[in-house]
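S.K.: For reference, the file my_file_34.txt (compact mmCIF, C-alpha atoms) is included below:
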```txt
# COMPACT_ATOMS: atom_id res chain seq x y z
CA MET W 1 48.92 17.06 54.71
CA ASP W 2 46.31 16.58 57.37
CA ILE W 3 43.40 14.50 56.08
CA HIS W 4 40.78 12.80 58.18
CA ILE W 5 38.87 9.83 56.89
CA ASP W 6 36.26 7.77 58.63
CA SER W 7 35.43 4.27 57.41
CA ALA W 8 32.14 4.41 59.36
CA LYS W 9 30.83 7.14 57.02
CA PRO W 10 28.69 6.06 54.08
CA LEU W 11 30.92 7.94 51.64
CA PRO W 12 33.62 5.70 50.11
CA LEU W 13 37.11 6.45 51.41
CA TYR W 14 38.46 7.46 48.02
CA LYS W 15 35.73 10.11 47.79
CA GLN W 16 36.42 11.29 51.32
CA ILE W 17 40.04 11.91 50.35
CA ALA W 18 39.04 13.77 47.16
CA HIS W 19 36.57 15.89 49.15
CA ALA W 20 39.17 16.71 51.76
CA ILE W 21 41.64 17.88 49.11
CA ILE W 22 39.04 20.03 47.35
CA GLU W 23 38.07 21.57 50.68
CA LYS W 24 41.72 22.39 51.31
CA ILE W 25 41.88 24.14 47.95
CA ALA W 26 38.67 26.04 48.73
CA ALA W 27 40.19 27.11 52.05
CA GLY W 28 43.41 28.25 50.35
CA GLU W 29 45.51 25.69 52.22
CA LEU W 30 46.49 24.08 48.93
CA GLN W 31 47.34 26.25 45.96
CA GLN W 32 48.37 25.94 42.36
CA GLY W 33 51.73 24.20 42.03
CA ASP W 34 51.63 22.62 45.48
CA THR W 35 52.41 18.92 45.45
CA LEU W 36 50.47 16.20 47.19
CA PRO W 37 52.12 13.35 49.07
CA SER W 38 52.90 10.36 46.88
CA ILE W 39 50.13 7.77 46.64
CA ARG W 40 52.20 5.27 48.59
CA GLN W 41 53.01 7.78 51.30
CA LEU W 42 49.43 8.97 51.81
CA ALA W 43 48.21 5.37 51.91
CA LYS W 44 50.77 4.68 54.63
CA THR W 45 49.80 7.78 56.63
CA LEU W 46 46.09 7.00 56.44
CA GLN W 47 46.71 3.28 56.90
CA ILE W 48 44.63 2.34 53.89
CA ASN W 49 45.15 0.48 50.65
CA VAL W 50 47.31 2.08 47.96
CA ASN W 51 44.53 1.44 45.43
CA THR W 52 42.13 3.62 47.39
CA VAL W 53 44.45 6.63 47.30
CA GLN W 54 45.18 5.93 43.65
CA LYS W 55 41.46 5.94 42.83
CA SER W 56 41.09 9.21 44.68
CA TYR W 57 43.97 10.89 42.83
CA HIS W 58 42.68 9.61 39.50
CA ASP W 59 39.29 11.05 40.36
CA LEU W 60 40.83 14.45 41.08
CA ALA W 61 42.92 14.31 37.91
CA HIS W 62 39.77 13.43 36.01
CA ARG W 63 38.10 16.57 37.38
CA GLY W 64 41.06 18.71 36.42
CA VAL W 65 41.89 19.48 40.05
CA ILE W 66 45.34 17.90 40.01
CA GLU W 67 47.88 16.84 37.45
CA LEU W 68 49.24 13.37 37.88
CA PRO W 69 52.59 13.05 36.10
CA ASP W 70 53.69 9.48 35.53
CA LYS W 71 56.63 9.33 37.89
CA ALA W 72 56.33 12.55 39.86
CA LYS W 73 54.13 13.76 42.66
CA ALA W 74 50.61 15.01 41.99
CA ILE W 75 50.43 18.77 41.51
CA ILE W 76 47.50 21.10 42.22
CA CYS W 77 46.37 22.57 38.89
CA ARG W 78 45.71 26.17 38.07
CA GLN W 79 42.46 27.26 39.71
CA LYS W 80 39.58 27.50 37.30
CA THR W 81 38.36 31.01 36.50
CA GLN W 82 34.89 31.86 37.80
CA GLU W 83 33.50 31.45 34.31
CA GLU W 84 35.10 28.04 33.79
CA ALA W 85 34.06 26.95 37.25
CA LEU W 86 30.48 28.00 36.64
CA GLN W 87 30.42 26.07 33.38
CA HIS W 88 31.72 22.95 35.13
CA PHE W 89 29.26 23.52 37.95
CA GLU W 90 26.38 23.69 35.49
CA GLU W 91 27.40 20.49 33.71
CA ASP W 92 27.95 18.64 36.97
CA VAL W 93 24.60 19.78 38.33
CA LYS W 94 22.88 18.57 35.16
CA LEU W 95 24.48 15.19 35.54
CA ILE W 96 23.75 14.63 39.22
CA ILE W 97 20.17 15.85 38.85
CA ALA W 98 19.69 13.39 35.98
CA GLU W 99 21.11 10.60 38.14
CA ALA W 100 18.91 11.45 41.13
CA TYR W 101 15.91 11.87 38.86
CA ALA W 102 16.55 8.44 37.35
CA ALA W 103 16.28 6.94 40.84
CA GLY W 104 13.00 8.74 41.53
CA VAL W 105 14.29 11.44 43.88
CA SER W 106 11.77 14.31 43.88
CA ARG W 107 12.58 17.86 42.90
CA LEU W 108 11.55 18.97 46.37
CA MET W 109 14.08 16.65 48.04
CA MET W 110 16.80 17.83 45.67
CA GLU W 111 16.05 21.45 46.47
CA LYS W 112 15.99 20.81 50.21
CA THR W 113 19.30 18.98 50.09
CA TYR W 114 20.92 21.62 47.95
CA LYS W 115 19.78 24.46 50.17
CA LYS W 116 20.90 22.63 53.29
CA ILE W 117 24.42 22.30 51.91
CA LEU W 118 24.61 25.89 50.70
CA ARG W 119 23.41 27.07 54.11
CA LYS W 120 26.06 25.04 55.90
CA ARG W 121 28.74 26.60 53.78
CA SER W 122 27.17 30.04 54.35
CA ILE W 123 28.79 31.71 51.39
CA ASN W 124 27.60 35.00 49.98
CA MET D 1 22.31 2.95 20.88
CA ASP D 2 21.60 6.40 19.56
CA ILE D 3 24.01 8.94 21.04
CA HIS D 4 24.64 12.42 19.75
CA ILE D 5 27.84 14.24 20.50
CA ASP D 6 28.97 17.63 19.37
CA SER D 7 32.62 18.58 19.41
CA ALA D 8 31.64 22.27 19.22
CA LYS D 9 30.12 22.08 22.73
CA PRO D 10 32.32 23.14 25.65
CA LEU D 11 31.65 19.84 27.45
CA PRO D 12 34.38 17.24 26.75
CA LEU D 13 33.19 14.42 24.50
CA TYR D 14 33.69 11.73 27.14
CA LYS D 15 31.36 13.65 29.45
CA GLN D 16 28.82 14.13 26.68
CA ILE D 17 28.71 10.35 26.22
CA ALA D 18 28.34 9.73 29.97
CA HIS D 19 25.56 12.33 30.17
CA ALA D 20 23.75 10.79 27.21
CA ILE D 21 23.83 7.35 28.83
CA ILE D 22 22.59 8.66 32.18
CA GLU D 23 19.78 10.52 30.40
CA LYS D 24 18.80 7.27 28.68
CA ILE D 25 18.62 5.55 32.05
CA ALA D 26 16.54 8.42 33.45
CA ALA D 27 14.19 8.07 30.48
CA GLY D 28 13.89 4.31 30.99
CA GLU D 29 15.47 3.56 27.61
CA LEU D 30 18.33 1.74 29.31
CA GLN D 31 17.61 -0.55 32.22
CA GLN D 32 19.41 -2.77 34.68
CA GLY D 33 21.18 -5.62 32.90
CA ASP D 34 21.15 -3.96 29.49
CA THR D 35 24.53 -4.01 27.80
CA LEU D 36 26.24 -1.10 26.13
CA PRO D 37 28.07 -1.37 22.81
CA SER D 38 31.71 -2.35 23.17
CA ILE D 39 34.13 0.55 23.54
CA ARG D 40 35.61 -0.15 20.13
CA GLN D 41 32.20 -0.33 18.51
CA LEU D 42 30.88 2.89 20.01
CA ALA D 43 34.09 4.70 19.07
CA LYS D 44 33.59 3.50 15.50
CA THR D 45 29.93 4.57 15.42
CA LEU D 46 30.69 8.02 16.83
CA GLN D 47 33.90 8.30 14.78
CA ILE D 48 35.97 9.24 17.78
CA ASN D 49 39.02 7.91 19.56
CA VAL D 50 38.72 4.64 21.48
CA ASN D 51 40.33 6.34 24.49
CA THR D 52 37.49 8.87 24.69
CA VAL D 53 34.83 6.18 24.93
CA GLN D 54 36.99 4.27 27.38
CA LYS D 55 37.28 7.35 29.60
CA SER D 56 33.53 7.78 29.46
CA TYR D 57 32.82 4.16 30.42
CA HIS D 58 35.36 4.33 33.25
CA ASP D 59 33.67 7.47 34.49
CA LEU D 60 30.29 5.73 34.53
CA ALA D 61 31.76 2.66 36.23
CA HIS D 62 33.32 4.98 38.78
CA ARG D 63 29.90 6.46 39.52
CA GLY D 64 28.38 2.99 39.89
CA VAL D 65 26.17 3.46 36.84
CA ILE D 66 27.65 0.59 34.83
CA GLU D 67 29.72 -2.49 35.50
CA LEU D 68 32.72 -2.93 33.29
CA PRO D 69 33.78 -6.57 33.25
CA ASP D 70 37.27 -7.15 31.92
CA LYS D 71 36.46 -8.90 28.69
CA ALA D 72 32.70 -8.52 28.40
CA LYS D 73 30.40 -5.66 27.45
CA ALA D 74 29.51 -2.94 29.93
CA ILE D 75 26.29 -3.64 31.82
CA ILE D 76 23.85 -1.15 33.32
CA CYS D 77 23.89 -1.60 37.11
CA ARG D 78 20.93 -1.94 39.42
CA GLN D 79 19.26 1.42 39.79
CA LYS D 80 20.01 3.08 43.08
CA THR D 81 17.16 3.27 45.58
CA GLN D 82 15.80 6.76 46.24
CA GLU D 83 17.61 6.80 49.55
CA GLU D 84 20.95 5.77 48.05
CA ALA D 85 20.48 8.22 45.21
CA LEU D 86 19.74 11.04 47.61
CA GLN D 87 22.85 10.23 49.60
CA HIS D 88 24.98 10.26 46.45
CA PHE D 89 23.27 13.45 45.35
CA GLU D 90 24.11 15.11 48.64
CA GLU D 91 27.75 14.10 48.49
CA ASP D 92 28.08 15.17 44.85
CA VAL D 93 26.45 18.52 45.56
CA LYS D 94 28.86 19.10 48.46
CA LEU D 95 31.79 18.41 46.20
CA ILE D 96 30.75 20.56 43.26
CA ILE D 97 29.76 23.45 45.51
CA ALA D 98 33.18 23.25 47.16
CA GLU D 99 34.84 23.29 43.73
CA ALA D 100 32.80 26.26 42.49
CA TYR D 101 33.33 28.03 45.79
CA ALA D 102 37.08 27.51 45.48
CA ALA D 103 37.00 29.36 42.15
CA GLY D 104 35.04 32.25 43.63
CA VAL D 105 31.60 31.49 42.15
CA SER D 106 28.98 33.27 44.26
CA ARG D 107 26.18 31.51 46.08
CA LEU D 108 23.71 33.54 44.04
CA MET D 109 25.16 32.29 40.75
CA MET D 110 25.09 28.71 42.01
CA GLU D 111 21.46 29.04 43.02
CA LYS D 112 20.49 30.61 39.72
CA THR D 113 22.23 27.88 37.75
CA TYR D 114 20.74 25.12 39.84
CA LYS D 115 17.21 26.49 39.53
CA LYS D 116 17.57 26.99 35.79
CA ILE D 117 18.50 23.32 35.35
CA LEU D 118 15.75 22.05 37.61
CA ARG D 119 13.23 24.19 35.73
CA LYS D 120 14.37 22.83 32.39
CA ARG D 121 13.86 19.32 33.61
CA SER D 122 10.47 20.32 35.08
CA ILE D 123 10.24 17.41 37.48
CA ASN D 124 7.84 17.37 40.40
```
Could you show the structure in this file as structure tokens?

M.R.:
Amino acid sequence: MDIHIDSAKPLPLYKQIAHAIIEKIAAGELQQGDTLPSIRQLAKTLQINVNTVQKSYHDLAHRGVIELPDKAKAIICRQKTQEEALQHFEEDVKLIIAEAYAAGVSRLMMEKTYKKILRKRSIN
Amino acid sequence: MDIHIDSAKPLPLYKQIAHAIIEKIAAGELQQGDTLPSIRQLAKTLQINVNTVQKSYHDLAHRGVIELPDKAKAIICRQKTQEEALQHFEEDVKLIIAEAYAAGVSRLMMEKTYKKILRKRSIN
């Protein structure tokens, strides 16, 4: 599995890994039932600490993106249906808006940021 | 700490607790340095499983909202600066858009949902 991380980026490495895996699912490169490299193996490949990969996998398991059996490799979960995904999207948006709002980020800045990202993805 | 949860809602209980705490921070009811009830205590108050509260606190610690010392009570972290918050916001938005996109949610639906939530909050 080809993942690029960059320790110079402001985003923590464990999040970079989680993002990369979600992007691979969005692109269809990873599908339901596919397994991920073991935590130890991915840490070795990326030359980073095992704990970082572990945190990343736990994060993904937490979000229902992968299953993390105790002694087996992580497995990509069933894709959410559109309806489920939209419900998750709504709840996540609520949460991150509340967090940004708590720190004083203006509605205008949130809208700008959101639109910028949607534009980059250029989905229909 | 006054938290309402509702097991009839589609949002998992651990997320409902995390949301409630973030909303309290946004409202200024919880501030940097304030402590949260112990996991055991909150579970007792809400009459739910200890593991659910634990998952919720870990989630918040994961997001940098609280510190979770090993044998002490959870503490509300320093509020993020606007700049930090905006950076987190941007990264979170990227991730949740990618997830929704992966499940086939349309850009239009994402925009509608986002606007609905921003409107409800009616921030400037």

S.K.: Would you list which chain W residues are within 6 Å of chain D using all atoms listed in the file, as a list of chain:residue names?

M.R.: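 Listing them in order of chain and number gives W:Ala26, W:Lys80, W:Gln82, W:Ala85, W:Ala100, W:Ala102, W:Ala103, W:Gly104, W:Val105, W:Arg107, W:Ile123, W:Asn124.
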
S.K.: Go ahead and compute the interatomic distance for atom CA of Gln47 of chain D and atom CA of Ile3 of chain D, in Å to one decimal.

M.R.: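 Atom CA of Ile3 of chain D lies 11.7 Å from atom CA of Gln47 of chain D.
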
S.K.: For atom CA of Thr52 of chain D and atom CA of Asp34 of chain W, quote the distance in Å rounded to one decimal.

M.R.: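 Spanning atom CA of Thr52 of chain D to atom CA of Asp34 of chain W is a straight-line distance of 28.7 Å.
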
S.K.: Could you tell me how far atom CA of Ile75 of chain D sits from atom CA of Leu60 of chain W, in Å to one decimal place?

M.R.: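 Interatomic distance, atom CA of Leu60 of chain W to atom CA of Ile75 of chain D: 25.0 Å.
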
S.K.: Using all atoms listed in the file, give me every residue within 9 Å of (47.3, 18.2, 40.6) in file coordinates, as a PyMOL selection string.

M.R.: chain W and resi 32-36+57+60-61+64-69+73-78

S.K.: Compare W:Leu42, W:Ala72, W:Ile48, W:Val53 by their minimum atom-to-atom distance to Ser7 of chain W, counting all atoms listed in the file, and give me the closest one.

M.R.: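 For Ser7 of chain W, the nearest of the given residues is W:Ile48.
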
S.K.: Pick out the closest residue to Leu30 of chain D from this set: D:Lys9, D:Ile17, D:Lys71, D:Met1. Count all atoms listed in the file.

M.R.: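 Of D:Lys9, D:Ile17, D:Lys71, D:Met1, the one nearest Leu30 of chain D is D:Met1, counting all atoms listed in the file.
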
S.K.: Determine the axis-aligned bounding box of all atoms of segment 91-101 of chain D present in the file, pad each side by 6 Å, and express its centre and edge lengths in Å to one decimal place as AutoDock Vina command-line options.

M.R.:
```
--center_x 30.6 --center_y 21.1 --center_z 45.5 --size_x 20.4 --size_y 25.9 --size_z 18.0
```
